[in-house]
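*Asks:* Supplied in structure tokens, the structure appears directly below.
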Amino acid sequence: MDRSGIFAQAGFAFQLNVFLKQVTELTPGAVARYEYLDDISASTGLDELSGQIGLCETQLFQVKNTNVSKKDVIQIYTNWILADCEQESISSFWLLYSDQKTLSEFFNAITAGQFIEMLDNRAEKSNRSNAAKLKATYSKDEIVRYFSRVKKCACARPINEDKLNAEIRDGLASPFHLTSDVDLFNERIAELKRVIHYNIADAMLKASPYEIGYESFMQLCEQICEKISSNRFEPDYSAWMAAADSDLLSAKESSREYRQLRSCLDEPSFISRHLYYSEYYRSVNYERLARCQAGAAASLESVTFDNFRDSCLLLKANADDSPIKRLLATKDKSNQYAFNEHEKWGSCIWLTREETPADKLISWEDEAND
């Protein structure tokens, strides 16, 4: 069985946690970047005055959740040298690897001569590699000088994932107002991870590094605290959907909600989008029930059904009734119990399920057994 996808996901999750750790350690004026110069970078003193007097410092972090071989060491040093040539203010180079993996002794023992020899070998194998780029840009003496500086500032450190997660939690205790409600605190951390993950993926699609500064991070924490509270559960929809099951459409093909949506428009993207609204509502609704707020959910669904019934009456009175118009008219009506549009739209689809009580059942197309 090919497990490369699983290993890739594990590597990304590990790198994301290392990035979150750097984010939680940001200070005023500092910025953390993902996939800029290296896997992760963190810069301090980025205010205008410190930049003018040359006090900006950048740390680079290469993150590995695999065994680090001799070949990897050459690649890491090559990348660091190229980064050092681009950015004069790099103060340190860190290799952070899982303590469940091994690090080649070559990382600390490598000499300038060995690096040049292996760099030549890599460059000969591919003229598009970073090794070839380095050799084409700088002379041997320049490369030796850059290598010596980078090696002097380079360190490797094993990372224990349990300890890393504990450090992230400690760093978020203040901005997420950790109190006796540990479940609420955990929900806020989960939301932060979803949002950061989504923002990184969005930046990668645009072929741009993702960056977040101290001020933006604190604003994000405030927004999460506002939307994930004791009386409110409103996860960011885009981030939530990015983390949702990608096989939702095929999994729901035998359901009543799928059949009802298909009666409106037989188009997979349309059906899938509305099924995601329903799943989003499910997650919000279940959280309400877990918090013993069943009354709020009942009120929201009652308004949703009344909106549906009123929409049907108006459409029939105007002799303009059809499944798609029922759906769009119901979605368009307001619902004061919903925190956002996605939750409101999701409740419309949720009430088309087979399990819905008869007095709350919504049908975009009337069925014989309704």
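Residue numbering restarts at 1 for every chain of the structure tokens, chains are lettered A, B, ... in their displayed order, and ligands are numbered from 1 as they appear.
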Please report as a tab-separated table every residue of segment 162-190 of chain A lying within 12 Å of segment 22-35 of chain A, along with the nearest atom pair and their distance in Å (one decimal), using only C-alpha atoms.

*Replies:*
residue	atom	partner	partner_atom	distance
A:Leu164	CA	A:Gln22	CA	10.6
A:Asn165	CA	A:Thr24	CA	11.5
A:Ala166	CA	A:Thr24	CA	11.9
A:Glu167	CA	A:Thr24	CA	9.0
A:Ile168	CA	A:Thr24	CA	6.7
A:Arg169	CA	A:Thr24	CA	9.0
A:Asp170	CA	A:Thr24	CA	8.8
A:Gly171	CA	A:Thr24	CA	5.3
A:Leu172	CA	A:Thr24	CA	6.5
A:Ala173	CA	A:Thr24	CA	9.9
A:Ser174	CA	A:Thr24	CA	10.2
A:Pro175	CA	A:Thr24	CA	9.3
A:Phe176	CA	A:Thr24	CA	11.2
A:Ile189	CA	A:Thr24	CA	11.4

*Asks:* Could you turn the residues from that selection into a file that holds N, CA and C atoms, as a CSV table (one decimal), in the first residue's frame?

*Replies:*
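The resulting file, part_22.csv, is shown below:
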chain,number,residue,atom,x,y,z
A,164,LEU,N,5.7,19.9,22.2
A,164,LEU,CA,5.4,21.1,21.3
A,164,LEU,C,4.0,21.5,21.4
A,165,ASN,N,3.0,20.5,21.5
A,165,ASN,CA,1.6,20.9,21.7
A,165,ASN,C,1.4,21.5,23.0
A,166,ALA,N,2.1,21.1,24.0
A,166,ALA,CA,1.9,21.7,25.4
A,166,ALA,C,2.4,23.1,25.4
A,167,GLU,N,3.5,23.4,24.6
A,167,GLU,CA,4.0,24.7,24.6
A,167,GLU,C,3.1,25.6,23.8
A,168,ILE,N,2.4,25.1,22.8
A,168,ILE,CA,1.5,25.9,22.0
A,168,ILE,C,0.3,26.3,22.9
A,169,ARG,N,-0.2,25.3,23.7
A,169,ARG,CA,-1.3,25.6,24.6
A,169,ARG,C,-0.9,26.6,25.7
A,170,ASP,N,0.3,26.5,26.2
A,170,ASP,CA,0.8,27.5,27.1
A,170,ASP,C,0.9,28.9,26.5
A,171,GLY,N,1.3,29.0,25.2
A,171,GLY,CA,1.4,30.3,24.6
A,171,GLY,C,0.0,30.9,24.3
A,172,LEU,N,-1.0,30.0,24.2
A,172,LEU,CA,-2.3,30.5,23.9
A,172,LEU,C,-3.2,30.8,25.1
A,173,ALA,N,-2.7,30.4,26.3
A,173,ALA,CA,-3.4,30.5,27.5
A,173,ALA,C,-3.9,31.9,27.8
A,174,SER,N,-3.1,32.9,27.5
A,174,SER,CA,-3.5,34.3,27.7
A,174,SER,C,-4.4,34.9,26.7
A,175,PRO,N,-4.1,34.8,25.4
A,175,PRO,CA,-5.0,35.4,24.4
A,175,PRO,C,-6.3,34.6,24.2
A,176,PHE,N,-6.3,33.4,24.6
A,176,PHE,CA,-7.6,32.6,24.6
A,176,PHE,C,-8.3,32.5,26.0
A,189,ILE,N,-8.5,26.7,20.2
A,189,ILE,CA,-7.2,26.3,19.6
A,189,ILE,C,-7.5,25.6,18.3

*Asks:* Run DSSP on the backbone and grab whatever in segment 231-304 of chain A lands in alpha helix (DSSP H); send it over as a VMD selection string.

*Replies:* chain A and resid 237 to 242 248 to 251 256 to 264 268 to 290 294 to 304

*Asks:* With N, CA and C atoms retained, export the selected residues as a short mmCIF file (atom, residue, chain, number, x, y, z; two decimals), in the first residue's frame.

*Replies:*
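Produced file part38.cif, reproduced below:
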data_model
loop_
_atom_site.label_atom_id
_atom_site.label_comp_id
_atom_site.auth_asym_id
_atom_site.auth_seq_id
_atom_site.Cartn_x
_atom_site.Cartn_y
_atom_site.Cartn_z
N TYR A 237 -16.34 29.78 8.19
CA TYR A 237 -16.88 28.80 7.25
C TYR A 237 -15.84 28.31 6.25
N SER A 238 -15.06 29.22 5.69
CA SER A 238 -14.07 28.83 4.68
C SER A 238 -13.05 27.87 5.26
N ALA A 239 -12.57 28.18 6.47
CA ALA A 239 -11.60 27.31 7.13
C ALA A 239 -12.23 25.97 7.50
N TRP A 240 -13.48 26.02 7.97
CA TRP A 240 -14.18 24.78 8.33
C TRP A 240 -14.35 23.90 7.10
N MET A 241 -14.78 24.48 5.98
CA MET A 241 -15.03 23.70 4.78
C MET A 241 -13.75 23.09 4.23
N ALA A 242 -12.64 23.84 4.33
CA ALA A 242 -11.37 23.32 3.84
C ALA A 242 -10.94 22.06 4.59
N LEU A 248 -17.96 14.26 0.51
CA LEU A 248 -19.31 14.47 1.03
C LEU A 248 -20.38 14.17 -0.03
N LEU A 249 -20.14 14.59 -1.27
CA LEU A 249 -21.15 14.43 -2.31
C LEU A 249 -21.49 12.97 -2.54
N SER A 250 -20.48 12.12 -2.73
CA SER A 250 -20.74 10.70 -2.98
C SER A 250 -21.33 10.02 -1.75
N ALA A 251 -20.95 10.48 -0.56
CA ALA A 251 -21.45 9.88 0.68
C ALA A 251 -22.93 10.18 0.89
N ARG A 256 -32.12 11.91 1.33
CA ARG A 256 -33.25 12.73 0.87
C ARG A 256 -32.80 14.15 0.54
N GLU A 257 -31.87 14.70 1.34
CA GLU A 257 -31.43 16.05 1.06
C GLU A 257 -30.75 16.15 -0.31
N TYR A 258 -30.01 15.10 -0.66
CA TYR A 258 -29.39 15.06 -2.00
C TYR A 258 -30.48 15.02 -3.07
N ARG A 259 -31.46 14.17 -2.89
CA ARG A 259 -32.55 14.03 -3.87
C ARG A 259 -33.32 15.34 -4.03
N GLN A 260 -33.57 16.00 -2.91
CA GLN A 260 -34.30 17.27 -2.95
C GLN A 260 -33.49 18.36 -3.65
N LEU A 261 -32.20 18.40 -3.40
CA LEU A 261 -31.35 19.40 -4.06
C LEU A 261 -31.27 19.13 -5.56
N ARG A 262 -31.23 17.85 -5.92
CA ARG A 262 -31.16 17.50 -7.33
C ARG A 262 -32.43 17.93 -8.06
N SER A 263 -33.55 17.95 -7.36
CA SER A 263 -34.80 18.41 -7.99
C SER A 263 -34.74 19.90 -8.30
N CYS A 264 -33.88 20.62 -7.57
CA CYS A 264 -33.72 22.06 -7.82
C CYS A 264 -32.78 22.30 -9.00
N PRO A 268 -23.56 18.88 -9.91
CA PRO A 268 -22.79 18.43 -8.74
C PRO A 268 -22.26 19.56 -7.86
N SER A 269 -21.73 20.62 -8.46
CA SER A 269 -21.17 21.70 -7.65
C SER A 269 -22.24 22.41 -6.83
N PHE A 270 -23.42 22.58 -7.40
CA PHE A 270 -24.55 23.19 -6.69
C PHE A 270 -24.97 22.30 -5.52
N ILE A 271 -25.14 21.02 -5.80
CA ILE A 271 -25.57 20.08 -4.75
C ILE A 271 -24.52 19.99 -3.65
N SER A 272 -23.26 19.85 -4.04
CA SER A 272 -22.18 19.74 -3.06
C SER A 272 -22.10 20.96 -2.17
N ARG A 273 -22.20 22.15 -2.77
CA ARG A 273 -22.12 23.38 -1.99
C ARG A 273 -23.20 23.44 -0.91
N HIS A 274 -24.40 23.04 -1.26
CA HIS A 274 -25.50 23.08 -0.29
C HIS A 274 -25.40 21.97 0.75
N LEU A 275 -24.83 20.83 0.36
CA LEU A 275 -24.60 19.78 1.36
C LEU A 275 -23.57 20.22 2.40
N TYR A 276 -22.57 21.00 1.96
CA TYR A 276 -21.60 21.54 2.90
C TYR A 276 -22.27 22.51 3.87
N TYR A 277 -23.22 23.31 3.38
CA TYR A 277 -23.96 24.20 4.29
C TYR A 277 -24.64 23.38 5.38
N SER A 278 -25.23 22.26 4.95
CA SER A 278 -25.94 21.41 5.90
C SER A 278 -24.99 20.81 6.93
N GLU A 279 -23.82 20.35 6.48
CA GLU A 279 -22.85 19.76 7.39
C GLU A 279 -22.30 20.81 8.36
N TYR A 280 -22.14 22.02 7.87
CA TYR A 280 -21.70 23.11 8.73
C TYR A 280 -22.75 23.35 9.83
N TYR A 281 -24.02 23.37 9.40
CA TYR A 281 -25.09 23.55 10.40
C TYR A 281 -25.10 22.39 11.39
N ARG A 282 -24.84 21.18 10.90
CA ARG A 282 -24.80 20.02 11.79
C ARG A 282 -23.75 20.24 12.89
N SER A 283 -22.56 20.66 12.51
CA SER A 283 -21.49 20.84 13.49
C SER A 283 -21.84 21.94 14.50
N VAL A 284 -22.44 23.02 14.00
CA VAL A 284 -22.85 24.11 14.90
C VAL A 284 -23.98 23.66 15.81
N ASN A 285 -24.94 22.95 15.23
CA ASN A 285 -26.11 22.48 15.98
C ASN A 285 -25.72 21.50 17.07
N TYR A 286 -24.84 20.55 16.75
CA TYR A 286 -24.40 19.57 17.74
C TYR A 286 -23.66 20.25 18.88
N GLU A 287 -22.92 21.28 18.57
CA GLU A 287 -22.21 22.01 19.61
C GLU A 287 -23.21 22.72 20.53
N ARG A 288 -24.28 23.24 19.96
CA ARG A 288 -25.34 23.86 20.78
C ARG A 288 -25.95 22.82 21.73
N LEU A 289 -26.24 21.64 21.18
CA LEU A 289 -26.84 20.60 22.01
C LEU A 289 -25.89 20.17 23.12
N ALA A 290 -24.59 20.10 22.80
CA ALA A 290 -23.59 19.73 23.81
C ALA A 290 -23.53 20.77 24.92
N ALA A 294 -30.46 23.56 23.46
CA ALA A 294 -31.39 22.99 22.50
C ALA A 294 -32.48 23.98 22.12
N GLY A 295 -32.84 24.87 23.03
CA GLY A 295 -33.88 25.86 22.75
C GLY A 295 -33.50 26.79 21.62
N ALA A 296 -32.24 27.20 21.56
CA ALA A 296 -31.78 28.08 20.49
C ALA A 296 -31.85 27.37 19.14
N ALA A 297 -31.46 26.09 19.11
CA ALA A 297 -31.52 25.31 17.87
C ALA A 297 -32.97 25.14 17.42
N ALA A 298 -33.86 24.86 18.36
CA ALA A 298 -35.28 24.67 18.04
C ALA A 298 -35.88 25.95 17.48
N SER A 299 -35.49 27.09 18.06
CA SER A 299 -36.02 28.38 17.58
C SER A 299 -35.53 28.67 16.17
N LEU A 300 -34.25 28.39 15.91
CA LEU A 300 -33.68 28.64 14.59
C LEU A 300 -34.41 27.79 13.54
N GLU A 301 -34.62 26.52 13.85
CA GLU A 301 -35.26 25.62 12.89
C GLU A 301 -36.74 25.97 12.70
N SER A 302 -37.36 26.46 13.75
CA SER A 302 -38.76 26.87 13.64
C SER A 302 -38.91 28.05 12.68
N VAL A 303 -38.00 29.02 12.80
CA VAL A 303 -38.01 30.17 11.89
C VAL A 303 -37.69 29.72 10.46
N THR A 304 -36.74 28.80 10.31
CA THR A 304 -36.40 28.29 8.98
C THR A 304 -37.62 27.65 8.31
#

*Asks:* With a distance cut-off of 10 Å and only C-alpha atoms, select the neighbouring residues of Val73 of chain A, excluding the residue or stretch itself and same-chain residues fewer than 2 positions from it, and output the selection as a VMD selection string.

*Replies:* chain A and resid 68 to 71 75 to 79 95 103 to 108 110 115

*Asks:* Pick out the residues sitting within 8 Å of Cys155 of chain A, and hand them over as a list in words; count only C-alpha atoms, and ignore anything fewer than 3 positions along from it in its own chain.

*Replies:*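 Counting only the stated atoms, we get Ser92, Phe93, Trp94 and Leu95 of chain A.
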
*Asks:* Neighbours of Ala132 of chain A within 10 Å (only C-alpha atoms; same-chain residues fewer than 6 positions away dropped), as a PyMOL selection string?

*Replies:* chain A and resi 78+119-126
